[in-house]
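Chemist: Sharing start.tsv here; it has TSV, C-alpha atoms and all ligand atoms.
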```tsv
chain	number	residue	atom	x	y	z
A	1	MET	CA	-79.21	-52.79	-77.19
A	2	GLN	CA	-80.70	-56.02	-78.52
A	3	PRO	CA	-78.16	-58.48	-79.91
A	4	GLN	CA	-78.14	-58.28	-83.67
A	5	ARG	CA	-79.57	-61.32	-85.39
A	6	GLN	CA	-77.54	-63.02	-88.05
A	7	PRO	CA	-79.02	-62.28	-91.47
A	8	LEU	CA	-80.97	-65.30	-92.61
A	9	LYS	CA	-79.39	-67.17	-95.48
A	10	SER	CA	-81.08	-66.71	-98.83
A	11	ASN	CA	-81.97	-70.41	-98.85
A	12	ALA	CA	-84.20	-69.89	-95.82
A	13	PHE	CA	-86.42	-72.82	-94.92
A	14	GLN	CA	-90.03	-72.58	-93.90
A	15	VAL	CA	-90.95	-75.06	-91.20
A	16	SER	CA	-94.33	-75.47	-89.57
A	17	GLY	CA	-94.31	-74.29	-85.97
A	18	GLN	CA	-95.89	-77.56	-84.94
A	19	ARG	CA	-93.16	-79.72	-86.51
A	20	LEU	CA	-90.47	-77.55	-85.03
A	21	TRP	CA	-92.08	-77.80	-81.58
A	22	GLN	CA	-92.26	-81.59	-81.91
A	23	TRP	CA	-88.59	-81.73	-82.82
A	24	TYR	CA	-87.72	-79.53	-79.84
A	25	GLN	CA	-89.80	-81.62	-77.41
A	26	HIS	CA	-88.16	-84.84	-78.67
A	27	ALA	CA	-84.70	-83.32	-78.33
A	28	ILE	CA	-85.51	-82.31	-74.73
A	29	ALA	CA	-86.89	-85.75	-73.90
A	30	ASP	CA	-83.72	-87.37	-75.28
A	31	LEU	CA	-81.32	-85.22	-73.24
A	32	SER	CA	-79.07	-87.26	-71.04
A	33	PRO	CA	-76.47	-85.68	-68.80
A	34	GLY	CA	-72.85	-86.65	-69.35
A	35	GLN	CA	-69.22	-85.49	-69.34
A	36	GLY	CA	-69.80	-82.74	-66.85
A	37	ARG	CA	-72.89	-81.35	-68.58
A	38	SER	CA	-76.18	-81.44	-66.71
A	39	ARG	CA	-79.55	-81.69	-68.44
A	40	VAL	CA	-80.05	-78.01	-67.65
A	41	ASP	CA	-76.76	-77.08	-69.39
A	42	LEU	CA	-77.66	-79.15	-72.43
A	43	LYS	CA	-81.19	-77.71	-72.59
A	44	GLN	CA	-79.62	-74.23	-72.51
A	45	GLU	CA	-77.39	-75.16	-75.45
A	46	LEU	CA	-80.32	-76.67	-77.34
A	47	ASP	CA	-82.18	-73.37	-76.88
A	48	TRP	CA	-79.16	-71.37	-78.10
A	49	LEU	CA	-78.92	-73.50	-81.21
A	50	LEU	CA	-82.61	-73.21	-81.98
A	51	LEU	CA	-82.72	-69.44	-81.39
A	52	GLU	CA	-79.64	-68.97	-83.54
A	53	VAL	CA	-80.85	-70.88	-86.62
A	54	SER	CA	-84.48	-69.79	-86.54
A	55	ASP	CA	-86.59	-66.69	-86.18
A	56	LEU	CA	-87.89	-67.96	-82.83
A	57	GLU	CA	-87.72	-65.65	-79.84
A	58	PRO	CA	-86.98	-66.97	-76.32
A	59	LEU	CA	-90.67	-66.76	-75.38
A	60	ASP	CA	-91.54	-69.06	-78.32
A	61	LEU	CA	-89.62	-71.81	-76.53
A	62	LYS	CA	-92.18	-71.70	-73.73
A	63	LEU	CA	-95.34	-71.48	-75.86
A	64	ALA	CA	-95.68	-73.97	-78.71
A	65	PRO	CA	-95.45	-71.83	-81.88
A	66	SER	CA	-98.31	-72.48	-84.28
A	67	GLU	CA	-97.41	-70.38	-87.33
A	68	THR	CA	-94.78	-71.19	-89.96
A	69	ARG	CA	-91.24	-70.31	-88.87
A	70	ILE	CA	-88.25	-69.27	-90.94
A	71	MET	CA	-85.08	-71.29	-90.44
A	72	GLN	CA	-81.56	-71.06	-91.81
A	73	VAL	CA	-81.35	-74.84	-91.93
A	74	SER	CA	-83.85	-77.63	-92.61
A	75	LEU	CA	-85.16	-79.72	-89.73
A	76	ALA	CA	-82.95	-82.59	-90.93
A	77	GLU	CA	-79.87	-80.31	-90.81
A	78	LEU	CA	-80.88	-79.04	-87.40
A	79	GLN	CA	-81.07	-82.62	-86.17
A	80	GLN	CA	-77.63	-83.28	-87.67
A	81	LEU	CA	-76.14	-80.21	-85.97
A	82	TRP	CA	-77.59	-81.20	-82.62
A	83	GLN	CA	-76.27	-84.74	-82.98
A	84	GLN	CA	-72.82	-83.31	-83.74
A	85	ARG	CA	-73.07	-81.30	-80.55
A	86	LEU	CA	-73.93	-84.40	-78.56
A	87	THR	CA	-71.66	-87.00	-80.11
A	88	GLU	CA	-68.60	-84.94	-81.09
A	89	ASN	CA	-68.86	-82.41	-78.23
A	90	ILE	CA	-68.67	-79.55	-80.70
A	91	PRO	CA	-69.61	-76.31	-78.89
A	92	VAL	CA	-72.87	-74.85	-80.20
A	93	GLN	CA	-71.00	-71.61	-80.88
A	94	HIS	CA	-68.80	-73.48	-83.35
A	95	LEU	CA	-71.81	-75.08	-85.03
A	96	THR	CA	-73.43	-71.70	-85.59
A	97	GLY	CA	-70.18	-69.71	-85.88
A	98	THR	CA	-71.57	-67.13	-83.47
A	99	SER	CA	-71.55	-66.19	-79.82
A	100	HIS	CA	-73.39	-63.59	-77.76
A	101	TRP	CA	-71.22	-61.49	-75.46
A	102	ARG	CA	-72.41	-58.31	-73.77
A	103	GLN	CA	-74.44	-56.50	-76.44
A	104	PHE	CA	-72.50	-58.11	-79.27
A	105	HIS	CA	-73.36	-60.97	-81.56
A	106	LEU	CA	-69.86	-62.07	-82.49
A	107	GLN	CA	-68.51	-64.35	-85.17
A	108	VAL	CA	-66.32	-67.05	-83.67
A	109	SER	CA	-64.29	-69.93	-85.06
A	110	LYS	CA	-62.00	-72.63	-83.75
A	111	ASP	CA	-59.17	-70.07	-83.97
A	112	VAL	CA	-60.50	-68.02	-81.06
A	113	LEU	CA	-61.61	-68.74	-77.52
A	114	ILE	CA	-65.40	-68.57	-77.30
A	115	PRO	CA	-65.89	-65.43	-75.19
A	116	ARG	CA	-67.15	-66.39	-71.73
A	117	PRO	CA	-69.89	-64.58	-69.82
A	118	GLU	CA	-67.64	-63.95	-66.78
A	119	THR	CA	-65.23	-62.00	-69.00
A	120	GLU	CA	-68.04	-59.49	-69.68
A	121	LEU	CA	-67.35	-57.99	-66.24
A	122	LEU	CA	-63.87	-56.87	-67.29
A	123	ILE	CA	-65.48	-54.03	-69.25
A	124	ASP	CA	-67.49	-52.82	-66.24
A	125	LEU	CA	-64.32	-52.95	-64.14
A	126	ALA	CA	-62.46	-50.92	-66.77
A	127	VAL	CA	-65.20	-48.28	-66.79
A	128	ASP	CA	-65.23	-48.09	-62.98
A	129	ALA	CA	-61.44	-47.95	-62.83
A	130	ALA	CA	-61.29	-45.11	-65.35
A	131	GLN	CA	-63.90	-43.15	-63.37
A	132	ASN	CA	-61.98	-43.69	-60.13
A	133	SER	CA	-58.63	-42.58	-61.46
A	134	ALA	CA	-58.63	-38.80	-61.47
A	135	ARG	CA	-55.13	-38.84	-62.94
A	136	LEU	CA	-56.14	-40.40	-66.24
A	137	GLU	CA	-56.21	-38.23	-69.34
A	138	GLN	CA	-59.57	-37.81	-71.02
A	139	THR	CA	-58.43	-39.27	-74.34
A	140	HIS	CA	-58.39	-42.90	-73.46
A	141	LEU	CA	-55.87	-45.30	-74.91
A	142	TRP	CA	-56.46	-48.97	-74.09
A	143	ALA	CA	-54.70	-52.22	-74.90
A	144	ASP	CA	-56.36	-55.64	-75.14
A	145	LEU	CA	-53.64	-58.28	-75.00
A	146	GLY	CA	-54.61	-61.60	-76.58
A	147	THR	CA	-57.77	-60.24	-78.16
A	148	GLY	CA	-59.02	-63.51	-79.70
A	149	SER	CA	-62.51	-62.83	-81.09
A	150	GLY	CA	-62.02	-59.13	-80.29
A	151	ALA	CA	-64.74	-59.21	-77.63
A	152	ILE	CA	-62.85	-57.16	-75.01
A	153	SER	CA	-61.69	-54.61	-77.62
A	154	LEU	CA	-65.24	-54.13	-78.88
A	155	GLY	CA	-66.44	-53.71	-75.30
A	156	LEU	CA	-63.73	-51.13	-74.53
A	157	ALA	CA	-64.20	-49.22	-77.79
A	158	THR	CA	-67.93	-48.97	-77.11
A	159	ALA	CA	-67.51	-47.99	-73.45
A	160	PHE	CA	-64.85	-45.36	-74.29
A	161	SER	CA	-66.33	-44.03	-77.48
A	162	GLN	CA	-63.73	-41.24	-77.72
A	163	GLY	CA	-60.91	-43.66	-77.04
A	164	THR	CA	-58.63	-45.89	-79.07
A	165	VAL	CA	-57.94	-49.56	-78.45
A	166	HIS	CA	-54.83	-51.46	-79.49
A	167	ALA	CA	-55.72	-55.13	-79.86
A	168	VAL	CA	-52.86	-57.62	-79.92
A	169	ASP	CA	-52.85	-61.32	-80.75
A	170	CYS	CA	-50.13	-63.73	-81.80
A	171	SER	CA	-52.55	-65.57	-84.09
A	172	GLN	CA	-53.17	-64.09	-87.53
A	173	ALA	CA	-56.33	-66.20	-87.83
A	174	ALA	CA	-57.68	-64.83	-84.53
A	175	LEU	CA	-56.94	-61.26	-85.62
A	176	ALA	CA	-58.93	-61.82	-88.82
A	177	VAL	CA	-61.94	-62.87	-86.71
A	178	ALA	CA	-61.52	-59.87	-84.38
A	179	GLN	CA	-61.19	-57.48	-87.31
A	180	GLY	CA	-64.35	-58.87	-88.89
A	181	ASN	CA	-66.23	-58.36	-85.63
A	182	SER	CA	-64.97	-54.79	-85.28
A	183	GLN	CA	-66.18	-54.03	-88.83
A	184	THR	CA	-69.62	-55.49	-88.09
A	185	TYR	CA	-70.01	-52.96	-85.28
A	186	GLY	CA	-68.38	-50.05	-87.12
A	187	LEU	CA	-65.52	-49.99	-84.58
A	188	ASP	CA	-62.66	-50.71	-86.96
A	189	GLN	CA	-61.50	-47.08	-86.99
A	190	GLN	CA	-61.27	-47.09	-83.21
A	191	ILE	CA	-59.47	-50.42	-82.83
A	192	HIS	CA	-55.96	-51.01	-84.17
A	193	PHE	CA	-54.97	-54.63	-84.64
A	194	HIS	CA	-51.42	-55.90	-84.13
A	195	LEU	CA	-49.90	-59.31	-84.74
A	196	GLY	CA	-47.37	-60.30	-82.09
A	197	GLN	CA	-46.62	-61.40	-78.55
A	198	TRP	CA	-48.14	-59.31	-75.76
A	199	PHE	CA	-46.37	-55.91	-75.70
A	200	GLU	CA	-43.96	-56.60	-78.56
A	201	PRO	CA	-46.03	-54.84	-81.29
A	202	LEU	CA	-46.78	-51.84	-79.04
A	203	GLY	CA	-43.23	-50.46	-79.05
A	204	GLY	CA	-43.33	-46.65	-79.22
A	205	LEU	CA	-46.48	-46.39	-77.07
A	206	GLU	CA	-44.65	-46.67	-73.73
A	207	GLY	CA	-46.19	-44.64	-70.91
A	208	GLN	CA	-49.33	-43.82	-72.91
A	209	PHE	CA	-52.01	-46.34	-71.94
A	210	SER	CA	-54.92	-45.43	-69.67
A	211	GLY	CA	-55.57	-49.12	-69.25
A	212	ILE	CA	-54.31	-52.55	-70.22
A	213	VAL	CA	-56.82	-55.38	-70.18
A	214	SER	CA	-56.21	-59.06	-70.80
A	215	ASN	CA	-57.86	-62.43	-70.54
A	216	PRO	CA	-54.61	-64.34	-71.11
A	217	PRO	CA	-54.22	-68.13	-71.25
A	218	TYR	CA	-54.18	-69.15	-67.58
A	219	ILE	CA	-54.90	-72.87	-67.35
A	220	PRO	CA	-51.89	-74.90	-66.10
A	221	THR	CA	-50.72	-77.22	-68.91
A	222	ASP	CA	-51.43	-80.41	-67.01
A	223	VAL	CA	-54.93	-79.25	-66.08
A	224	LEU	CA	-55.84	-78.73	-69.76
A	225	PRO	CA	-56.71	-82.39	-70.48
A	226	THR	CA	-59.11	-82.38	-67.53
A	227	LEU	CA	-61.25	-79.63	-69.09
A	228	GLN	CA	-64.56	-80.55	-70.69
A	229	PRO	CA	-64.09	-82.12	-74.13
A	230	GLU	CA	-65.94	-79.17	-75.72
A	231	VAL	CA	-63.05	-77.01	-74.52
A	232	PHE	CA	-60.06	-79.38	-74.73
A	233	ASP	CA	-60.95	-80.91	-78.10
A	234	HIS	CA	-62.28	-77.82	-79.85
A	235	GLU	CA	-60.92	-74.57	-78.44
A	236	PRO	CA	-57.43	-73.21	-79.22
A	237	HIS	CA	-54.88	-74.35	-76.65
A	238	LEU	CA	-52.92	-71.22	-77.50
A	239	ALA	CA	-55.68	-69.23	-75.77
A	240	LEU	CA	-55.92	-71.58	-72.76
A	241	ASP	CA	-52.49	-72.97	-71.93
A	242	GLY	CA	-50.79	-70.77	-69.35
A	243	GLY	CA	-47.74	-73.03	-68.95
A	244	ARG	CA	-46.62	-75.08	-65.96
A	245	ASP	CA	-48.46	-73.10	-63.27
A	246	GLY	CA	-50.86	-71.27	-65.61
A	247	LEU	CA	-49.22	-67.94	-64.86
A	248	GLU	CA	-46.61	-67.61	-67.60
A	249	ALA	CA	-48.52	-64.99	-69.58
A	250	VAL	CA	-49.73	-63.22	-66.42
A	251	ARG	CA	-46.14	-62.98	-65.17
A	252	GLU	CA	-44.97	-61.36	-68.39
A	253	ILE	CA	-47.88	-58.92	-68.54
A	254	VAL	CA	-47.53	-57.91	-64.87
A	255	ALA	CA	-43.79	-57.36	-65.34
A	256	ILE	CA	-44.01	-55.17	-68.44
A	257	ALA	CA	-47.35	-53.33	-68.14
A	258	PRO	CA	-45.98	-50.49	-65.95
A	259	GLN	CA	-43.70	-49.44	-68.81
A	260	TYR	CA	-46.74	-48.94	-71.03
A	261	LEU	CA	-49.20	-47.43	-68.52
A	262	GLN	CA	-49.57	-43.74	-67.75
A	263	PRO	CA	-49.19	-42.91	-64.06
A	264	GLY	CA	-52.66	-43.75	-62.68
A	265	GLY	CA	-53.33	-46.16	-65.55
A	266	VAL	CA	-54.98	-49.46	-64.71
A	267	LEU	CA	-54.09	-53.09	-65.37
A	268	LEU	CA	-56.99	-55.55	-65.41
A	269	LEU	CA	-56.42	-59.28	-65.74
A	270	GLU	CA	-58.70	-62.28	-65.74
A	271	MET	CA	-57.44	-65.38	-63.95
A	272	MET	CA	-58.45	-68.84	-62.82
A	273	CYS	CA	-60.11	-69.79	-59.56
A	274	GLY	CA	-57.33	-70.21	-56.99
A	275	GLN	CA	-54.75	-67.96	-58.68
A	276	ASP	CA	-55.68	-64.76	-56.82
A	277	GLU	CA	-53.04	-64.94	-54.08
A	278	ALA	CA	-50.26	-65.72	-56.57
A	279	VAL	CA	-51.33	-62.91	-58.92
A	280	LYS	CA	-51.61	-60.46	-56.03
A	281	ALA	CA	-48.08	-61.38	-54.96
A	282	LEU	CA	-46.76	-60.88	-58.50
A	283	LEU	CA	-48.34	-57.43	-58.61
A	284	MET	CA	-47.00	-56.47	-55.19
A	285	ASN	CA	-43.49	-57.72	-55.90
A	286	GLN	CA	-43.32	-55.84	-59.19
A	287	GLY	CA	-43.16	-52.67	-57.12
A	288	GLN	CA	-44.79	-50.22	-59.52
A	289	TYR	CA	-48.43	-50.92	-58.73
A	290	THR	CA	-50.75	-49.51	-56.12
A	291	GLN	CA	-54.37	-50.20	-55.01
A	292	ILE	CA	-54.09	-53.88	-55.89
A	293	GLN	CA	-57.52	-55.47	-55.74
A	294	ILE	CA	-59.10	-58.83	-56.57
A	295	HIS	CA	-62.69	-58.86	-57.85
A	296	PRO	CA	-65.04	-61.84	-57.93
A	297	ASP	CA	-67.12	-62.90	-60.92
A	298	LEU	CA	-70.89	-63.28	-60.60
A	299	ALA	CA	-70.43	-66.77	-59.17
A	300	GLY	CA	-68.32	-65.28	-56.36
A	301	ILE	CA	-65.06	-66.76	-57.68
A	302	PRO	CA	-62.01	-64.45	-57.36
A	303	ARG	CA	-61.56	-63.87	-61.07
A	304	PHE	CA	-60.04	-60.46	-61.84
A	305	ALA	CA	-56.95	-58.65	-60.64
A	306	GLN	CA	-56.82	-54.87	-60.80
A	307	ALA	CA	-53.90	-52.58	-60.08
A	308	TYR	CA	-52.99	-48.98	-60.85
A	309	ARG	CA	-49.61	-47.79	-62.06
A	310	ILE	CA	-47.98	-45.67	-59.36
A	401	LIG	N1	-62.26	-69.23	-68.87
A	401	LIG	C1	-61.72	-70.16	-69.81
A	401	LIG	C2	-62.14	-71.57	-69.44
A	401	LIG	O1	-62.54	-71.81	-68.35
A	401	LIG	C3	-60.21	-70.07	-69.87
A	401	LIG	C4	-59.80	-68.81	-70.51
A	401	LIG	C5	-58.33	-68.53	-70.39
A	401	LIG	O2	-57.44	-69.37	-70.21
A	401	LIG	N2	-58.09	-67.30	-70.45
A	401	LIG	O3	-62.11	-72.47	-70.25
```
What is this file in structure tokens?
Modeler:
Amino acid sequence: MQPQRQPLKSNAFQVSGQRLWQWYQHAIADLSPGQGRSRVDLKQELDWLLLEVSDLEPLDLKLAPSETRIMQVSLAELQQLWQQRLTENIPVQHLTGTSHWRQFHLQVSKDVLIPRPETELLIDLAVDAAQNSARLEQTHLWADLGTGSGAISLGLATAFSQGTVHAVDCSQAALAVAQGNSQTYGLDQQIHFHLGQWFEPLGGLEGQFSGIVSNPPYIPTDVLPTLQPEVFDHEPHLALDGGRDGLEAVREIVAIAPQYLQPGGVLLLEMMCGQDEAVKALLMNQGQYTQIQIHPDLAGIPRFAQAYRI
């Protein structure tokens, strides 16, 4: 499925392809690496911004467009946005209010973590896990703990189209974003949203989940300030800060998930590079998990922990 394009604002601007191309070429020429961002990273972000606020297609960024283009902002505003990106380190996704994740074009705000590409794999792992567990019931019930923008819930609801997802977040503002995204994709009947801490709002659903998925905050508190300024200055610490060793949320989820999983149900967690041995040990010591596995992301970094309820 092609990502949906944001509807153009009614005050759409017409800009000559030639002027837009000139602006783009100048912006590329002016790129200077800094604060952990290479020229290649910045060029990628420049492209995202341009594609998001115009009717340009990726191929247009290789071949100078000649015809008039439709933009949601004027060239002057585009320049202003790009300068904000460079001088204030505002993530492009916050400037446009949108982010692409799997097949979704999601609304995002400073209240939610910008969904990361590596997290996309959690959905494939959930699908594989469900196929591999003969003991799971056909009517799938999933939980997404710390849903943020709702990305994981939308992915699960789409992958398990007969299933139901319970999405939990302790931020009302994040839930509003997630709910909006679920409505955009017509998944709001399939996803139930709950305000609260981890399992707290799921009382009454013990023993019923086919799977529990979470990308919890996992950055150790004292590592947070070392993150890129785009992350540290602009993304919600609530979604990043995993406490002293980064594993506070993971510890709680690993401890309680077996109460909520069906026998044969799967727990899938995202984690930080270097946490795999500790997370594996937590799962083993809990005593109610079997087939504990660590999966790498596409960069080869051990990134996901998977375990089935005995
Ligand atoms: N992957 C995010 C980052 O690197 C962290 C997400 C999280 O803590 N769950 O910034």
Chemist: Throw together the list of residues within 8 Å of ligand LIG 401 (chain A), counting only C-alpha atoms and all ligand atoms, and drop it here as a PyMOL selection string.
Modeler: chain A and resi 113+116+118-119+215-219+227+231+239-242+270-272
Chemist: What is the atom CA of Ser171 of chain A-atom CA of Gly203 of chain A distance in Å, reported with one decimal?
Modeler: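 Atom-to-atom, atom CA of Ser171 of chain A and atom CA of Gly203 of chain A are spaced 18.5 Å apart.
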Chemist: Can you pull out every residue within 9 Å of Leu78 of chain A, counting all atoms listed in the file, but drop anything in the same chain fewer than 4 positions away, and send it as a VMD selection string?
Modeler: chain A and resid 49 to 50 53 73 to 74 82 to 83
Chemist: Output the selection as a PDB file, keeping the file's coordinate frame - C-alpha atoms for each residue.
Modeler:
```pdb
ATOM      1  CA  LEU A  49     -78.920 -73.500 -81.210  1.00  0.00           C
ATOM      2  CA  LEU A  50     -82.610 -73.210 -81.980  1.00  0.00           C
ATOM      3  CA  VAL A  53     -80.850 -70.880 -86.620  1.00  0.00           C
ATOM      4  CA  VAL A  73     -81.350 -74.840 -91.930  1.00  0.00           C
ATOM      5  CA  SER A  74     -83.850 -77.630 -92.610  1.00  0.00           C
ATOM      6  CA  TRP A  82     -77.590 -81.200 -82.620  1.00  0.00           C
ATOM      7  CA  GLN A  83     -76.270 -84.740 -82.980  1.00  0.00           C
TER       8      GLN A  83
END
```
Chemist: Pick the closest to Ala157 of chain A from A:Tyr185, A:Val254, A:Trp101, A:Ala173: which is it, counting all atoms listed in the file?
Modeler: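 Among the listed residues, the smallest separation from Ala157 of chain A belongs to A:Tyr185.
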Chemist: Here's a test: counting all atoms listed in the file, identify every protein, DNA and RNA residue with an atom at most 6 Å from (-63.3, -60.8, -81.8) in the file's coordinate frame, and state them as a PyMOL selection string.
Modeler: chain A and resi 148-151+177-178+181
Chemist: Take the residues from that selection and put them in a file with C-alpha atoms, as a PDB file, keeping the file's coordinate frame.
Modeler:
```
ATOM      1  CA  GLY A 148     -59.020 -63.510 -79.700  1.00  0.00           C
ATOM      2  CA  SER A 149     -62.510 -62.830 -81.090  1.00  0.00           C
ATOM      3  CA  GLY A 150     -62.020 -59.130 -80.290  1.00  0.00           C
ATOM      4  CA  ALA A 151     -64.740 -59.210 -77.630  1.00  0.00           C
ATOM      5  CA  VAL A 177     -61.940 -62.870 -86.710  1.00  0.00           C
ATOM      6  CA  ALA A 178     -61.520 -59.870 -84.380  1.00  0.00           C
ATOM      7  CA  ASN A 181     -66.230 -58.360 -85.630  1.00  0.00           C
TER       8      ASN A 181
END
```
Chemist: Kindly provide, as a PDB file with C-alpha atoms, in the frame of the given file, the polymer residues lying within 12 Å of (-82.0, -79.1, -74.4), counting all atoms listed in the file and using the coordinates exactly as they appear in the file.
Modeler:
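Written out: out_1.pdb:
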```pdb
ATOM      1  CA  TRP A  23     -88.590 -81.730 -82.820  1.00  0.00           C
ATOM      2  CA  TYR A  24     -87.720 -79.530 -79.840  1.00  0.00           C
ATOM      3  CA  GLN A  25     -89.800 -81.620 -77.410  1.00  0.00           C
ATOM      4  CA  HIS A  26     -88.160 -84.840 -78.670  1.00  0.00           C
ATOM      5  CA  ALA A  27     -84.700 -83.320 -78.330  1.00  0.00           C
ATOM      6  CA  ILE A  28     -85.510 -82.310 -74.730  1.00  0.00           C
ATOM      7  CA  ALA A  29     -86.890 -85.750 -73.900  1.00  0.00           C
ATOM      8  CA  ASP A  30     -83.720 -87.370 -75.280  1.00  0.00           C
ATOM      9  CA  LEU A  31     -81.320 -85.220 -73.240  1.00  0.00           C
ATOM     10  CA  SER A  32     -79.070 -87.260 -71.040  1.00  0.00           C
ATOM     11  CA  PRO A  33     -76.470 -85.680 -68.800  1.00  0.00           C
ATOM     12  CA  ARG A  37     -72.890 -81.350 -68.580  1.00  0.00           C
ATOM     13  CA  SER A  38     -76.180 -81.440 -66.710  1.00  0.00           C
ATOM     14  CA  ARG A  39     -79.550 -81.690 -68.440  1.00  0.00           C
ATOM     15  CA  VAL A  40     -80.050 -78.010 -67.650  1.00  0.00           C
ATOM     16  CA  ASP A  41     -76.760 -77.080 -69.390  1.00  0.00           C
ATOM     17  CA  LEU A  42     -77.660 -79.150 -72.430  1.00  0.00           C
ATOM     18  CA  LYS A  43     -81.190 -77.710 -72.590  1.00  0.00           C
ATOM     19  CA  GLN A  44     -79.620 -74.230 -72.510  1.00  0.00           C
ATOM     20  CA  GLU A  45     -77.390 -75.160 -75.450  1.00  0.00           C
ATOM     21  CA  LEU A  46     -80.320 -76.670 -77.340  1.00  0.00           C
ATOM     22  CA  ASP A  47     -82.180 -73.370 -76.880  1.00  0.00           C
ATOM     23  CA  TRP A  48     -79.160 -71.370 -78.100  1.00  0.00           C
ATOM     24  CA  LEU A  49     -78.920 -73.500 -81.210  1.00  0.00           C
ATOM     25  CA  LEU A  50     -82.610 -73.210 -81.980  1.00  0.00           C
ATOM     26  CA  LEU A  51     -82.720 -69.440 -81.390  1.00  0.00           C
ATOM     27  CA  LEU A  61     -89.620 -71.810 -76.530  1.00  0.00           C
ATOM     28  CA  TRP A  82     -77.590 -81.200 -82.620  1.00  0.00           C
ATOM     29  CA  GLN A  83     -76.270 -84.740 -82.980  1.00  0.00           C
ATOM     30  CA  ARG A  85     -73.070 -81.300 -80.550  1.00  0.00           C
ATOM     31  CA  LEU A  86     -73.930 -84.400 -78.560  1.00  0.00           C
ATOM     32  CA  VAL A  92     -72.870 -74.850 -80.200  1.00  0.00           C
TER      33      VAL A  92
END
```
Chemist: Pick the closest to Ser214 of chain A from A:Ile90, A:Ala176, A:Ile123, A:Leu81: which is it, counting all atoms listed in the file?
Modeler: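 Under the stated criterion, the closest residue is A:Ile123.
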Chemist: Given the choices A:Leu156, A:Ala257, A:Ala174, A:Ala76, which gets closest to Val112 of chain A if the distance is worked out from all atoms listed in the file?
Modeler: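 So, comparing all the options, the nearest one is A:Ala174.
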Chemist: Of the residues A:Gly300, A:Gly196, A:Pro201, A:Gly265, which is the one nearest to Ala129 of chain A, using all atoms listed in the file?
Modeler: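 Among the listed residues, A:Gly265 lies closest to Ala129 of chain A.
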